[in-house]
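A.B. asks: Structure: work33.txt, compact mmCIF, C-alpha atoms.
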```txt
# COMPACT_ATOMS: atom_id res chain seq x y z
CA MET F 9 167.09 76.88 13.04
CA ASN F 10 163.51 76.02 12.21
CA PRO F 11 161.74 75.16 15.50
CA THR F 12 160.00 72.05 14.13
CA ILE F 13 163.25 70.58 12.79
CA LEU F 14 165.06 71.49 16.01
CA LEU F 15 162.28 69.96 18.13
CA ILE F 16 162.40 66.71 16.14
CA LEU F 17 166.21 66.64 16.45
CA VAL F 18 166.12 67.34 20.21
CA LEU F 19 163.43 64.69 20.77
CA PHE F 20 165.36 62.17 18.66
CA VAL F 21 168.59 62.78 20.58
CA GLY F 22 166.69 62.60 23.88
CA VAL F 23 165.15 59.24 23.00
CA GLU F 24 168.39 57.79 21.68
CA ILE F 25 170.46 58.68 24.76
CA SER F 26 167.72 57.04 26.85
CA PHE F 27 168.44 53.73 25.17
CA THR F 28 172.24 53.93 25.22
CA SER F 29 174.79 54.32 28.02
CA VAL F 30 177.71 56.42 26.82
CA ILE F 31 178.92 59.09 29.26
CA TRP F 32 180.83 60.89 26.52
CA ALA F 33 177.74 61.28 24.37
CA ASN F 34 175.95 62.99 27.27
CA VAL F 35 178.94 65.25 27.98
CA ILE F 36 179.27 66.27 24.33
CA ILE F 37 175.52 66.99 24.14
CA ILE F 38 175.85 69.23 27.21
CA ALA F 39 178.87 71.00 25.65
CA ILE F 40 177.08 71.59 22.33
CA SER F 41 174.03 72.89 24.20
CA VAL F 42 176.21 75.36 26.11
CA LEU F 43 177.77 76.54 22.84
CA VAL F 44 174.34 77.08 21.28
CA MET F 45 173.16 78.91 24.40
CA LEU F 46 176.28 81.10 24.32
CA ARG F 47 175.55 81.95 20.69
CA HIS F 48 172.03 83.00 21.64
CA ARG F 49 173.42 85.03 24.54
CA ALA F 50 171.52 83.23 27.26
CA PRO F 51 171.77 85.08 30.58
CA ILE F 52 174.34 83.76 33.09
CA LEU F 53 171.54 82.94 35.51
CA SER F 54 170.09 80.38 33.11
CA TYR F 55 173.33 78.36 33.20
CA VAL F 56 173.31 78.48 36.99
CA ARG F 57 169.70 77.31 36.98
CA LEU F 58 170.48 74.47 34.54
CA LEU F 59 173.36 73.37 36.76
CA LEU F 60 171.48 73.59 40.06
CA VAL F 61 167.99 72.30 39.20
CA PRO F 62 169.04 68.79 38.03
CA LEU F 63 171.64 68.53 40.83
CA ILE F 64 169.37 66.88 43.40
CA PRO F 65 167.88 64.23 41.04
CA ALA F 66 171.31 63.58 39.49
CA VAL F 67 173.03 63.03 42.84
CA GLY F 68 170.02 61.01 44.01
CA ILE F 69 170.14 58.61 41.09
CA TRP F 70 173.94 58.33 41.33
CA PHE F 71 173.69 57.05 44.91
CA SER F 72 170.80 54.70 44.27
CA ILE F 73 172.55 53.09 41.30
CA ARG F 74 175.71 52.70 43.40
CA TYR F 75 173.82 51.16 46.33
CA PHE F 76 170.99 49.21 44.82
CA SER F 77 171.84 48.20 41.26
CA THR F 78 172.81 44.59 40.72
CA ALA F 79 176.16 45.54 39.19
CA GLN F 80 176.74 48.61 41.44
CA SER F 81 178.61 50.00 38.46
CA VAL F 82 180.29 53.40 38.85
CA HIS F 83 180.13 53.79 35.08
CA PHE F 84 176.35 53.36 34.94
CA ALA F 85 175.90 55.71 37.91
CA TRP F 86 177.72 58.40 35.92
CA VAL F 87 175.72 57.56 32.79
CA MET F 88 172.48 58.22 34.66
CA ALA F 89 173.73 61.40 36.36
CA THR F 90 175.04 62.89 33.10
CA ARG F 91 171.89 61.76 31.26
CA ILE F 92 169.77 63.91 33.58
CA TYR F 93 172.02 66.87 32.81
CA ALA F 94 171.91 66.13 29.09
CA TYR F 95 168.08 66.24 29.17
CA ALA F 96 168.14 69.53 31.05
CA PHE F 97 170.66 71.15 28.70
CA LEU F 98 168.82 69.89 25.61
CA GLY F 99 165.87 71.75 27.10
CA GLY F 100 168.03 74.85 27.52
CA LEU F 101 169.29 74.55 23.94
CA PHE F 102 165.74 74.45 22.62
CA THR F 103 164.39 77.17 24.92
CA PHE F 104 167.04 79.72 23.95
CA SER F 105 166.95 78.91 20.22
CA THR F 106 163.31 79.84 19.74
CA THR F 107 160.15 81.21 21.36
CA THR F 108 156.83 79.58 22.16
CA GLU F 109 155.04 81.63 19.49
CA LYS F 110 157.60 80.77 16.82
CA THR F 111 157.49 77.08 17.78
CA LEU F 112 153.70 76.90 17.63
CA ALA F 113 153.61 78.84 14.34
CA SER F 114 156.20 76.52 12.85
CA LEU F 115 154.38 73.44 14.15
CA GLU F 116 151.27 74.67 12.35
CA GLN F 117 152.95 75.48 9.05
CA ASN F 118 155.76 72.93 8.88
CA ALA F 119 154.50 70.00 10.95
CA HIS F 120 150.86 70.57 9.90
CA ILE F 121 149.48 70.32 13.43
CA PRO F 122 145.77 71.24 13.13
CA SER F 123 145.26 74.99 13.56
CA THR F 124 142.59 74.29 16.21
CA PHE F 125 145.31 72.99 18.52
CA VAL F 126 147.83 75.71 17.73
CA TYR F 127 145.49 78.68 18.13
CA GLY F 128 143.61 77.03 20.98
CA MET F 129 146.85 76.71 22.93
CA LEU F 130 148.01 80.21 21.99
CA GLY F 131 144.69 81.62 23.19
CA ALA F 132 144.72 79.60 26.39
CA PHE F 133 148.23 80.76 27.34
CA ASN F 134 146.94 84.31 27.71
CA PHE F 135 145.08 83.05 30.76
CA VAL F 136 148.23 82.22 32.74
CA PRO F 137 148.13 85.40 34.91
CA LYS F 138 144.36 85.05 35.38
CA ILE F 139 144.78 81.41 36.39
CA ARG F 140 147.41 82.31 38.97
CA SER F 141 145.09 84.83 40.60
CA GLU F 142 142.09 82.48 40.34
CA VAL F 143 143.96 79.80 42.32
CA LYS F 144 144.68 82.43 44.98
CA ILE F 145 141.03 83.58 44.99
CA ILE F 146 139.69 80.03 45.34
CA ARG F 147 142.01 79.28 48.24
CA ALA F 148 141.39 82.63 49.94
CA SER F 149 137.61 82.34 49.71
CA ALA F 150 137.79 78.83 51.18
CA GLN F 151 139.97 80.11 54.00
CA MET F 152 137.36 82.75 54.79
CA ARG F 153 135.01 79.88 55.52
CA GLY F 154 137.68 78.20 57.60
CA ILE F 155 138.56 75.58 54.99
CA ASN F 156 142.15 75.04 53.93
CA LEU F 157 142.40 73.73 50.37
CA HIS F 158 145.51 71.69 49.57
CA PHE F 159 146.73 70.62 46.17
CA TRP F 160 145.15 67.21 46.73
CA SER F 161 141.72 68.67 47.59
CA PRO F 162 139.07 67.66 45.04
CA GLN F 163 137.25 70.94 45.78
CA LEU F 164 140.21 73.00 44.57
CA LEU F 165 140.53 71.06 41.32
CA PHE F 166 136.77 71.11 40.82
CA LYS F 167 136.59 74.88 41.18
CA ALA F 168 139.54 75.24 38.83
CA ILE F 169 137.77 73.09 36.23
CA VAL F 170 134.55 75.12 36.60
CA ALA F 171 136.54 78.27 35.84
CA ALA F 172 138.27 76.49 32.93
CA LEU F 173 134.90 75.40 31.53
CA ASN F 174 133.55 78.98 31.63
CA TRP F 175 136.66 80.58 30.17
CA SER F 176 137.10 77.98 27.42
CA GLU F 177 133.50 78.48 26.24
CA ASN F 178 133.94 82.26 26.26
CA LEU F 179 137.30 82.24 24.51
CA ALA F 180 136.16 79.73 21.88
CA GLU F 181 133.05 81.84 21.15
CA ALA F 182 135.16 84.99 21.00
CA MET F 183 137.62 83.44 18.58
CA THR F 184 134.82 82.05 16.40
CA SER F 185 133.07 85.42 16.30
CA HIS F 186 136.36 87.00 15.22
CA GLY F 187 136.39 84.74 12.19
CA PHE F 188 138.36 81.72 13.34
CA THR F 189 137.05 78.62 11.61
CA GLU F 190 138.20 75.27 12.93
CA ASN F 191 140.81 73.72 10.65
CA ALA F 192 139.85 75.86 7.66
CA PRO F 193 142.74 76.54 5.25
CA ARG F 194 144.59 79.66 6.37
CA THR F 195 146.93 82.12 4.72
CA HIS F 196 149.93 83.37 6.64
CA ARG F 197 151.50 86.78 6.86
CA THR F 198 154.89 85.20 7.57
CA VAL F 199 155.41 81.97 5.72
CA ILE F 200 157.96 79.81 7.52
CA HIS F 201 160.42 78.04 5.24
CA ILE F 202 162.91 75.40 6.19
CA PRO F 203 166.34 76.39 4.83
CA TRP F 204 168.47 73.58 3.34
CA TRP F 205 171.19 73.99 5.98
CA ASN F 206 168.69 72.92 8.67
CA TYR F 207 168.60 69.48 7.11
CA ALA F 208 172.39 69.51 6.84
CA ILE F 209 172.83 70.32 10.56
CA THR F 210 170.28 67.65 11.49
CA ALA F 211 172.02 65.02 9.35
CA VAL F 212 175.47 65.92 10.70
CA SER F 213 174.19 65.86 14.31
CA VAL F 214 172.44 62.52 13.92
CA ILE F 215 175.43 60.90 12.17
CA GLY F 216 177.83 62.42 14.72
CA LEU F 217 175.73 61.03 17.56
CA GLN F 218 175.80 57.53 16.04
CA LEU F 219 179.58 57.76 15.62
CA ILE F 220 179.98 58.62 19.33
CA LEU F 221 177.43 56.10 20.58
CA PHE F 222 178.89 53.22 18.58
CA SER F 223 182.56 54.14 19.05
CA PRO F 224 184.86 52.66 21.73
CA LEU F 225 184.10 55.76 23.86
CA LYS F 226 182.33 54.85 27.07
CA MET K 19 124.25 74.56 19.35
CA GLN K 20 126.70 71.86 18.28
CA GLN K 21 125.55 69.21 20.71
CA LYS K 22 125.70 66.33 18.25
CA ALA K 23 129.15 67.24 17.04
CA ALA K 24 130.40 67.65 20.60
CA HIS K 25 130.11 63.94 21.21
CA SER K 26 132.12 63.00 18.14
CA ASN K 27 135.80 62.23 18.39
CA ARG K 28 136.82 65.45 16.71
CA TRP K 29 138.61 67.97 18.85
CA HIS K 30 136.95 71.36 18.86
CA LEU K 31 138.47 74.69 19.72
CA ARG K 32 136.73 74.78 23.10
CA ASP K 33 138.02 71.27 23.94
CA VAL K 34 141.60 72.28 23.20
CA ILE K 35 141.25 75.48 25.23
CA LEU K 36 139.49 73.64 28.08
CA ILE K 37 142.21 71.01 28.40
CA THR K 38 145.01 73.57 28.05
CA ILE K 39 143.52 75.86 30.71
CA THR K 40 142.87 72.89 33.01
CA SER K 41 146.50 71.78 32.52
CA ILE K 42 147.79 75.26 33.33
CA PHE K 43 145.60 75.23 36.45
CA MET K 44 147.00 71.87 37.50
CA GLY K 45 150.53 72.97 36.68
CA ILE K 46 150.17 76.02 38.91
CA ILE K 47 148.44 74.05 41.68
CA PHE K 48 151.13 71.36 41.56
CA PHE K 49 153.98 73.84 41.24
CA VAL K 50 154.48 73.12 44.91
CA THR K 51 155.14 69.48 44.09
CA GLY K 52 158.18 70.47 42.05
CA PHE K 53 159.72 71.59 45.30
CA LEU K 54 158.13 68.74 47.21
CA TYR K 55 159.86 66.44 44.73
CA ASN K 56 163.28 67.97 45.38
CA GLY K 57 162.83 67.90 49.14
CA LEU K 58 161.73 64.29 49.04
CA THR K 59 164.60 63.35 46.71
CA LEU K 60 167.06 65.12 48.99
CA ALA K 61 165.72 63.28 52.04
CA LEU K 62 165.91 59.90 50.29
CA THR K 63 169.30 60.41 48.60
CA PRO K 64 171.55 59.37 51.53
CA LEU K 65 169.58 56.12 51.69
CA GLY K 66 170.04 55.59 47.95
CA MET K 67 166.25 55.60 47.67
CA ALA K 68 165.92 58.75 45.55
CA PRO K 69 163.91 57.06 42.72
CA PHE K 70 161.11 56.50 45.23
CA ALA K 71 160.55 60.26 45.37
CA ASN K 72 159.74 60.13 41.67
CA ASP K 73 157.40 57.16 42.00
CA ILE K 74 155.57 58.48 45.07
CA LEU K 75 154.62 61.72 43.28
CA LEU K 76 154.31 60.47 39.69
CA GLY K 77 150.54 60.05 40.05
CA LEU K 78 150.19 63.83 40.22
CA TRP K 79 151.85 64.31 36.85
CA THR K 80 149.70 61.69 35.17
CA MET K 81 146.34 63.05 36.38
CA ALA K 82 145.73 65.19 33.29
CA GLY K 83 145.22 62.12 31.07
CA PRO K 84 142.37 60.41 32.95
CA LEU K 85 140.83 63.80 33.78
CA ALA K 86 140.75 64.77 30.09
CA ALA K 87 139.36 61.36 29.16
CA PHE K 88 136.60 61.82 31.72
CA MET K 89 135.73 65.39 30.75
CA LEU K 90 135.72 64.89 27.00
CA GLN K 91 134.95 61.16 26.62
CA LYS K 92 136.64 60.93 23.24
CA VAL K 93 138.98 58.38 21.70
CA GLY K 94 142.51 59.70 22.22
CA ALA K 95 141.47 62.24 24.87
CA ALA K 96 143.83 60.83 27.51
CA THR K 97 146.84 60.81 25.16
CA ILE K 98 146.24 64.25 23.70
CA GLY K 99 145.25 65.65 27.12
CA GLU K 100 148.46 64.45 28.75
CA LEU K 101 150.52 65.60 25.77
CA LEU K 102 148.96 69.07 26.00
CA ALA K 103 149.65 69.09 29.74
CA SER K 104 153.30 68.22 29.16
CA ALA K 105 153.54 70.94 26.48
CA VAL K 106 152.14 73.37 29.05
CA GLU K 107 154.74 72.16 31.54
CA ALA K 108 157.56 72.51 29.01
CA ILE K 109 156.40 75.99 27.99
CA ILE K 110 155.81 77.36 31.49
CA GLY K 111 159.29 76.15 32.37
CA GLY K 112 159.32 72.69 33.84
CA GLN K 113 162.51 71.04 34.91
CA TRP K 114 162.95 68.72 31.97
CA GLY K 115 162.51 70.78 28.81
CA PRO K 116 161.44 68.91 25.66
CA SER K 117 162.05 65.54 27.35
CA THR K 118 158.81 66.37 29.20
CA LEU K 119 157.04 65.89 25.85
CA ILE K 120 158.39 62.36 25.55
CA SER K 121 157.26 61.47 29.09
CA GLY K 122 153.92 63.18 28.43
CA PHE K 123 153.30 61.02 25.39
CA VAL K 124 154.30 57.81 27.20
CA GLN K 125 152.08 58.67 30.20
CA GLY K 126 149.14 59.67 27.99
CA PHE K 127 149.42 56.50 25.95
CA GLY K 128 149.51 54.47 29.16
CA SER K 129 146.35 55.97 30.61
CA GLU K 130 144.64 55.83 27.22
CA LEU K 131 145.03 52.03 27.18
CA GLY K 132 142.86 51.70 30.29
CA PHE K 133 139.98 53.39 28.49
CA THR K 134 140.68 51.51 25.27
CA PHE K 135 140.28 48.20 27.11
CA THR K 136 136.80 49.30 28.21
CA LEU K 137 136.08 50.29 24.58
CA TYR K 138 135.53 53.89 25.73
CA ARG K 139 132.17 52.87 27.20
CA ARG K 140 132.87 53.07 30.91
CA TYR K 141 133.86 56.21 32.71
CA ASP K 142 133.82 55.18 36.37
CA MET K 143 136.07 53.92 39.14
CA ALA K 144 136.66 50.63 37.31
CA SER K 145 137.98 52.22 34.13
CA LEU K 146 139.97 54.78 36.15
CA SER K 147 141.61 51.99 38.16
CA LEU K 148 142.35 50.04 35.00
CA SER K 149 143.81 53.20 33.50
CA ALA K 150 145.98 53.69 36.61
CA LEU K 151 147.28 50.15 36.17
CA THR K 152 148.07 50.54 32.45
CA THR K 153 149.73 53.93 33.11
CA ALA K 154 151.88 52.34 35.81
CA ILE K 155 152.88 49.46 33.52
CA VAL K 156 153.65 51.56 30.43
CA THR K 157 155.54 54.32 32.27
CA PHE K 158 157.45 51.73 34.29
CA ALA K 159 158.56 49.96 31.14
CA TRP K 160 159.84 53.29 29.85
CA ASP K 161 161.63 54.04 33.14
CA LEU K 162 163.30 50.61 33.11
CA VAL K 163 165.21 52.03 30.15
CA ARG K 164 165.21 55.81 30.60
CA SER K 165 165.81 56.04 34.33
CA GLY K 166 167.95 52.92 34.53
CA TYR K 167 165.43 51.04 36.71
CA ALA K 168 166.40 47.78 34.98
CA ALA K 169 169.79 47.93 36.71
CA TYR K 170 168.31 47.69 40.22
CA HIS K 171 167.92 44.60 42.36
CA PRO K 172 164.64 42.74 41.67
CA TRP K 173 163.20 43.61 45.12
CA MET K 174 163.80 47.29 44.44
CA ILE K 175 162.14 47.05 41.02
CA VAL K 176 159.07 45.38 42.56
CA ALA K 177 158.93 47.95 45.39
CA LEU K 178 159.22 50.84 42.91
CA PHE K 179 156.44 49.40 40.76
CA ILE K 180 154.10 48.94 43.72
CA THR K 181 154.83 52.49 44.92
CA ARG K 182 154.13 53.83 41.45
CA PHE K 183 150.87 51.95 41.08
CA ILE K 184 149.63 53.16 44.47
CA SER K 185 150.52 56.75 43.55
CA MET K 186 148.75 56.49 40.20
CA TRP K 187 145.71 54.91 41.79
CA VAL K 188 145.45 57.48 44.60
CA PHE K 189 145.81 60.50 42.32
CA GLY K 190 144.67 59.19 38.91
CA ALA K 191 141.69 57.14 40.13
CA LEU K 192 140.68 58.19 43.66
CA LEU K 193 141.24 61.95 43.31
CA VAL K 194 140.06 62.15 39.69
CA SER K 195 136.93 60.19 40.58
CA ALA K 196 136.25 62.56 43.51
CA VAL K 197 136.61 65.56 41.18
CA THR K 198 134.43 64.02 38.49
CA LYS K 199 131.73 63.18 41.05
CA LEU K 200 131.60 66.87 41.91
CA LEU K 201 131.47 67.69 38.20
CA ASP K 202 128.63 65.22 37.65
CA ARG K 203 126.67 66.72 40.52
CA SER K 204 127.15 70.21 39.08
CA HIS K 205 125.72 69.04 35.70
CA LEU K 206 128.21 71.34 33.98
CA LEU K 207 129.41 68.64 31.60
CA ASP K 208 125.95 67.40 30.64
CA ARG K 209 125.77 69.64 27.59
CA ARG K 210 129.10 68.33 26.34
CA HIS K 211 128.20 64.68 26.81
CA ALA K 212 124.68 65.09 25.39
```
Turn this file's structure into structure tokens for me.
C.D. replies:
Amino acid sequence: MNPTILLILVLFVGVEISFTSVIWANVIIIAISVLVMLRHRAPILSYVRLLLVPLIPAVGIWFSIRYFSTAQSVHFAWVMATRIYAYAFLGGLFTFSTTTEKTLASLEQNAHIPSTFVYGMLGAFNFVPKIRSEVKIIRASAQMRGINLHFWSPQLLFKAIVAALNWSENLAEAMTSHGFTENAPRTHRTVIHIPWWNYAITAVSVIGLQLILFSPLK
Amino acid sequence: MQQKAAHSNRWHLRDVILITITSIFMGIIFFVTGFLYNGLTLALTPLGMAPFANDILLGLWTMAGPLAAFMLQKVGAATIGELLASAVEAIIGGQWGPSTLISGFVQGFGSELGFTFTLYRRYDMASLSLSALTTAIVTFAWDLVRSGYAAYHPWMIVALFITRFISMWVFGALLVSAVTKLLDRSHLLDRRHA
């Protein structure tokens, strides 16, 4: 599916289940997400991760709703626990249906997000390994002077921002000198179209969700 | 070179890259808090107090907004900065997938309001504190619905809100202001704000 359409659909479903309390809707969303992930041959480990990571918050909220909500409703406790899983699996559905590059390219062409943002982000993501090592370097060099920098230390954030300032200037200059012009009209080697069946799937999903949410199902 | 244009409200390539790289930095620095969050939740679960883990640490996740507002001093900087930070989090593999984007927008909008109320003229402790307050109010309203906070006893709702505001103030105002004081003293941002 087209990443922009899928993102809008996933965000819409995420917002709507936040405002409604139907356990079945959450369960069906999780099931559909698993089916989509199976189709995209997601590795087994990713299912394990999606089951384990939300476990602590889900159990946590289940207990606090049971103990401290005015109604102490078992139903609402399950709504909240399954909602957390539904969010996580919607994330899994999206992650395994597309890639970051495809999503950003589609956001530029289909959602008309300014190219400055799209290419700026794409450029910045190349710094991830450098940023990891920079954090280590900053902390190590502080330790050499007998200072331990924690994540709440202003010094650590300050030094990170100084590095970010330098790198962003350099990268922006480099991109400009390679011919990137901010928000100038661009041509694309791969033009991304939205096939008609994308709209059909979106419509069916949205209507299906309304049917579940406003049915006698709880 | 483009000093005049830099102060306008347009986002330039270097602004986007700066905020994205800063967000990645913060994401990697706070990666520990992801685990901190789980440990804290686990410890509070038997007491039924798990939501407090979220509210104690939420200030960390909402720092990108006020920091971006401070560094760029543009209309919309807090919203877009926080949204970029949440996109970074979603892409690098946060726990919540695309729902991070929704929270990111809500948090960014919340901290933006604080600067809007000062008409984007003040960038100091007062506007940061106001921004912490508006972030706490807006995100709390969202969590009343999304995280089911509305179902709790009134005393719990009040306690959660106070916890959240303190967290946002400590990280979003106190820590951000300490960082920006260092930045001011380094004069690195002068050229951008000229």
A.B. asks: Please measure the separation of CA of Ile35 (chain K) and CA of Ser114 (chain F), giving the value in Å to one decimal.
C.D. replies: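 CA of Ile35 (chain K) sits 19.4 Å away from CA of Ser114 (chain F).
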A.B. asks: Any idea what's packed within 12 Å of region 186-188 of chain F, counting all atoms listed in the file, ignoring anything in its chain fewer than 4 positions away? Could you give it as a list in words?
C.D. replies: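 Counting all atoms listed in the file, the residues come to Ser123, Thr124, Tyr127, Gly128, Gly131, Leu179, Ala180, Glu181, Ala182, Ala192, Pro193 and Arg194 of chain F; His30 and Leu31 of chain K.
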A.B. asks: As a PyMOL selection string, could you give me every residue of chain K near chain F (at most 6 Å apart, counting all atoms listed in the file)?
C.D. replies: chain K and resi 31-32+34-36+39-40+47+63+66-68+114-116+164+169-171+197
A.B. asks: Go ahead and compute the interatomic distance for CA of Met81 (chain K) and CA of Gly190 (chain K), in Å to one decimal.
C.D. replies: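 So the answer is 4.9 Å.
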A.B. asks: So, counting all atoms listed in the file, which residue among F:Pro224, F:Gly154, F:Pro11, F:Pro51 is closest to Ser105 (chain F)?
C.D. replies: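 Using all atoms listed in the file, the shortest distance to Ser105 (chain F) belongs to F:Pro11.
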A.B. asks: Please compute the CA of Val194 (chain K)-CA of Ile145 (chain F) distance, one decimal, in Å.
C.D. replies: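 Between these atoms lies a distance of 22.1 Å.
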A.B. asks: Please define a box with edges along x, y and z of the file around all atoms of region 186-204 of chain F given in the file, extend it by 3 Å on each side, and return its centre and edge lengths in Å to one decimal, as AutoDock Vina command-line options.
C.D. replies:
```
--center_x 152.4 --center_y 80.3 --center_z 9.3 --size_x 38.1 --size_y 19.4 --size_z 17.9
```
A.B. asks: Which of these, F:Phe222, F:Ala119, F:Gly216, F:Thr111, has the shortest distance to Ile40 (chain F) once you count all atoms listed in the file?
C.D. replies: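 Closest to Ile40 (chain F), using all atoms listed in the file: F:Gly216.
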A.B. asks: Can you pull out every residue within 10 Å of Ser54 (chain F), counting only C-alpha atoms, but drop anything in the same chain fewer than 5 positions away, and send it as a list in words?
C.D. replies: Met45, Leu59, Leu60, Gly100 and Phe104 of chain F
A.B. asks: Just to be explicit: take each residue in the selection above, keep C-alpha atoms, and write the result as a CSV table (one decimal), in the frame of the given file.
C.D. replies:
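Result file selection-v4.csv:
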```csv
chain,number,residue,atom,x,y,z
F,45,MET,CA,173.2,78.9,24.4
F,59,LEU,CA,173.4,73.4,36.8
F,60,LEU,CA,171.5,73.6,40.1
F,100,GLY,CA,168.0,74.8,27.5
F,104,PHE,CA,167.0,79.7,24.0
```
A.B. asks: Show me as a VMD selection string the residues that reach within 10 Å of (142.1, 56.8, 44.0), counting only C-alpha atoms and using the file's own coordinates.
C.D. replies: chain K and resid 77 143 146 to 147 150 184 to 196
A.B. asks: Out of K:Ile42, K:Ala86, K:Leu65, K:Ala103, which residue has the shortest atom-to-atom distance to Thr198 (chain K) when counting all atoms listed in the file?
C.D. replies: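 Checking each candidate against Thr198 (chain K), we get K:Ala86 as the closest.
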A.B. asks: I'd like the contact shell of Val176 (chain K) - 12 Å cut-off, only C-alpha atoms, skipping same-chain residues fewer than 5 positions apart - returned as an NGL selection string.
C.D. replies: :K and (70 or 73 or 155 or 158 or 162 or 167-168 or 170-171 or 181-183)
A.B. asks: Name the closest residue to Phe179 (chain K) among the candidates K:Thr80, K:Arg140, K:Thr118, K:Ala154; distances are taken between atoms, counting only C-alpha atoms.
C.D. replies: K:Ala154
A.B. asks: Given only C-alpha atoms as the basis, pick out the residue of F:Ile146, F:Val30, F:Met9, F:Leu14 nearest to Ile220 (chain F).
C.D. replies: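 Of all the options, F:Val30 lies closest to Ile220 (chain F).
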A.B. asks: Counting all atoms listed in the file, which residue out of K:Val156, K:Ile180, K:Ile120, K:Ile37 sits closest to Leu102 (chain K)?
C.D. replies: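 Result for the nearest residue to Leu102 (chain K): K:Ile37.
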